[in-house]
Amino acid sequence: RQGTHTESIDDQFIFDLPDNWKWCSLLNVAKIELGKTLDSVKNTGTNHPYLRSVNVRWNEVDLADLKEMRFEPEEVDRYTVRRNDLLICEGGDVGRSCVWTDEKEILYQNALHRVRFYGECNPFYFMYYMMYYESRGIIKALCKGVTIKHLTGNVLSLIPFALPPLEEQGRIVERLNQMFALLDTILCD
């Protein structure tokens with residue numbers, strides 16, 4: 001992959017994996033879509049609440065301040081967030097991620113990437129990978145833009161990550177959830 005933005009990650013983080021794990025990217029396990037562009041002049045249709053980057057927190061969605069935008073009926077399916085879709089901030093706090101866990105569907109705008117996995121990857125597992133890469137400064141290093149950073153879909157789709165079998169991903173996610181809950185307890189006491 002000479003000439004791609006992922007060379008630094010490849011050089012830094014690619015290591016030997018257990019036999020039943022593999023290196024892959026979102027390109028192999030998911031479909032990535034940006035949301036609808038907010039344009040009050042051009043947008044037509046019916047007003048619907050939608051998610052923006054400010055609504056996406058690490059591992060949670062803040063629904064306290066939802067805005068509305070016009071969507072045509074044929075756009076609703078294209079810009080719908082469904083249960084277990086991963087949302088990743090394209091701008092702002094680039095890479096910040098959470099999984100939509102609600103049964104109720106909601107729409108989203110183009111400040112967010114919606115990642116819909118094909119079934120081979122637990123969305124929480126990849127969200128924790130994003131947390132790790134963000135904590136190491138890797139996400140910001142991959143972003144484009146001088147003053148305002150953006151994580152393009154092309155760059156996001158090529159970020160390599162180690163993918164264990166689905167059952168093992170579940171165990172890893174469960175353990176990380178326990179660790180974060182313990183950390184919350186310690187910090188809040």
# chains A, B, ... in the order shown; residues from 1 in each chain; ligands from 1

call {"tool": "residues_around", "arguments": {"residues": "Ser135 (chain A)", "least_positions_apart": "6", "cutoff": "12 Å", "atoms": "only C-alpha atoms", "output": "ChimeraX atom specification"}}
result
/A:58,94-96,128-129,141

call {"tool": "write_last_selection", "arguments": {"atoms": "C-alpha atoms", "output": "mmCIF file, in the first residue's frame"}}
result
data_model
loop_
_atom_site.group_PDB
_atom_site.id
_atom_site.type_symbol
_atom_site.label_atom_id
_atom_site.label_comp_id
_atom_site.auth_asym_id
_atom_site.auth_seq_id
_atom_site.Cartn_x
_atom_site.Cartn_y
_atom_site.Cartn_z
ATOM 1 C CA TRP A 58 -16.956 8.049 23.482
ATOM 2 C CA VAL A 94 -12.046 13.356 14.980
ATOM 3 C CA GLY A 95 -12.477 9.624 15.489
ATOM 4 C CA ARG A 96 -14.697 9.885 18.571
ATOM 5 C CA TYR A 128 -12.353 0.315 21.401
ATOM 6 C CA TYR A 129 -9.744 0.093 18.647
ATOM 7 C CA ALA A 141 -1.975 11.898 12.287
#

call {"tool": "select_by_dssp", "arguments": {"residues": "chain A", "states": "alpha helix (DSSP H)", "output": "MDAnalysis selection string"}}
result
chainID A and resid 7:13 26:29 73:76 123:135 138:142 153:158 166:188

call {"tool": "closest_residue", "arguments": {"among": "A:Val56, A:Met130, A:Cys121, A:Val76", "to": "Trp100 (chain A)", "atoms": "only C-alpha atoms"}}
result
A:Val56

call {"tool": "select_by_dssp", "arguments": {"residues": "region 83-119 of chain A", "states": "strand (DSSP E)", "output": "PyMOL selection string"}}
result
chain A and resi 86-89+97-99+106-108+112-117

call {"tool": "closest_residue", "arguments": {"among": "A:Val155, A:Val81, A:Cys143, A:Val29", "to": "Arg114 (chain A)", "atoms": "only C-alpha atoms"}}
result
A:Val81

call {"tool": "residues_around", "arguments": {"residues": "Met127 (chain A)", "least_positions_apart": "3", "cutoff": "8 Å", "atoms": "only C-alpha atoms", "output": "PyMOL selection string"}}
result
chain A and resi 59+86+97-99+123-124+130-131

call {"tool": "write_last_selection", "arguments": {"atoms": "C-alpha atoms", "output": "short mmCIF file (atom, residue, chain, number, x, y, z; two decimals), in the first residue's frame"}}
result
data_model
loop_
_atom_site.label_atom_id
_atom_site.label_comp_id
_atom_site.auth_asym_id
_atom_site.auth_seq_id
_atom_site.Cartn_x
_atom_site.Cartn_y
_atom_site.Cartn_z
CA ASN A 59 -19.17 4.99 23.94
CA LEU A 86 -20.98 2.48 14.75
CA SER A 97 -16.99 6.86 18.33
CA CYS A 98 -20.02 5.17 19.80
CA VAL A 99 -22.36 2.33 18.94
CA PRO A 123 -18.95 -2.80 16.55
CA PHE A 124 -17.86 -2.27 20.17
CA MET A 130 -10.61 3.68 17.70
CA MET A 131 -10.19 4.71 21.36
#

call {"tool": "residues_around", "arguments": {"residues": "Met69 (chain A)", "least_positions_apart": "3", "cutoff": "7 Å", "atoms": "only C-alpha atoms", "output": "PDB file with all heavy atoms, in the first residue's frame"}}
result
ATOM      1  N   ASN A  47     -39.245  17.341   8.177  1.00  0.00           N
ATOM      2  CA  ASN A  47     -38.264  17.497   9.253  1.00  0.00           C
ATOM      3  C   ASN A  47     -38.180  16.222  10.087  1.00  0.00           C
ATOM      4  O   ASN A  47     -39.202  15.631  10.438  1.00  0.00           O
ATOM      5  CB  ASN A  47     -38.644  18.668  10.167  1.00  0.00           C
ATOM      6  CG  ASN A  47     -38.081  19.974   9.675  1.00  0.00           C
ATOM      7  OD1 ASN A  47     -37.060  20.022   9.006  1.00  0.00           O
ATOM      8  ND2 ASN A  47     -38.751  21.064  10.006  1.00  0.00           N
ATOM      9  N   HIS A  48     -36.941  15.819  10.364  1.00  0.00           N
ATOM     10  CA  HIS A  48     -36.654  14.668  11.221  1.00  0.00           C
ATOM     11  C   HIS A  48     -35.510  15.045  12.151  1.00  0.00           C
ATOM     12  O   HIS A  48     -34.579  15.739  11.741  1.00  0.00           O
ATOM     13  CB  HIS A  48     -36.196  13.456  10.395  1.00  0.00           C
ATOM     14  CG  HIS A  48     -37.244  12.864   9.534  1.00  0.00           C
ATOM     15  ND1 HIS A  48     -38.125  11.912   9.987  1.00  0.00           N
ATOM     16  CD2 HIS A  48     -37.554  13.083   8.228  1.00  0.00           C
ATOM     17  CE1 HIS A  48     -38.932  11.567   8.997  1.00  0.00           C
ATOM     18  NE2 HIS A  48     -38.609  12.264   7.930  1.00  0.00           N
ATOM     19  N   PRO A  49     -35.508  14.552  13.389  1.00  0.00           N
ATOM     20  CA  PRO A  49     -34.331  14.745  14.248  1.00  0.00           C
ATOM     21  C   PRO A  49     -33.152  13.969  13.672  1.00  0.00           C
ATOM     22  O   PRO A  49     -33.340  12.929  13.035  1.00  0.00           O
ATOM     23  CB  PRO A  49     -34.767  14.182  15.599  1.00  0.00           C
ATOM     24  CG  PRO A  49     -35.975  13.364  15.343  1.00  0.00           C
ATOM     25  CD  PRO A  49     -36.569  13.805  14.046  1.00  0.00           C
ATOM     26  N   TYR A  50     -31.958  14.492  13.890  1.00  0.00           N
ATOM     27  CA  TYR A  50     -30.766  13.821  13.370  1.00  0.00           C
ATOM     28  C   TYR A  50     -29.602  13.990  14.333  1.00  0.00           C
ATOM     29  O   TYR A  50     -29.583  14.886  15.167  1.00  0.00           O
ATOM     30  CB  TYR A  50     -30.398  14.357  11.981  1.00  0.00           C
ATOM     31  CG  TYR A  50     -29.911  15.788  11.977  1.00  0.00           C
ATOM     32  CD1 TYR A  50     -28.549  16.082  12.044  1.00  0.00           C
ATOM     33  CD2 TYR A  50     -30.806  16.860  11.912  1.00  0.00           C
ATOM     34  CE1 TYR A  50     -28.098  17.392  12.045  1.00  0.00           C
ATOM     35  CE2 TYR A  50     -30.365  18.171  11.913  1.00  0.00           C
ATOM     36  CZ  TYR A  50     -29.017  18.432  11.983  1.00  0.00           C
ATOM     37  OH  TYR A  50     -28.569  19.722  11.992  1.00  0.00           O
TER      38      TYR A  50
END
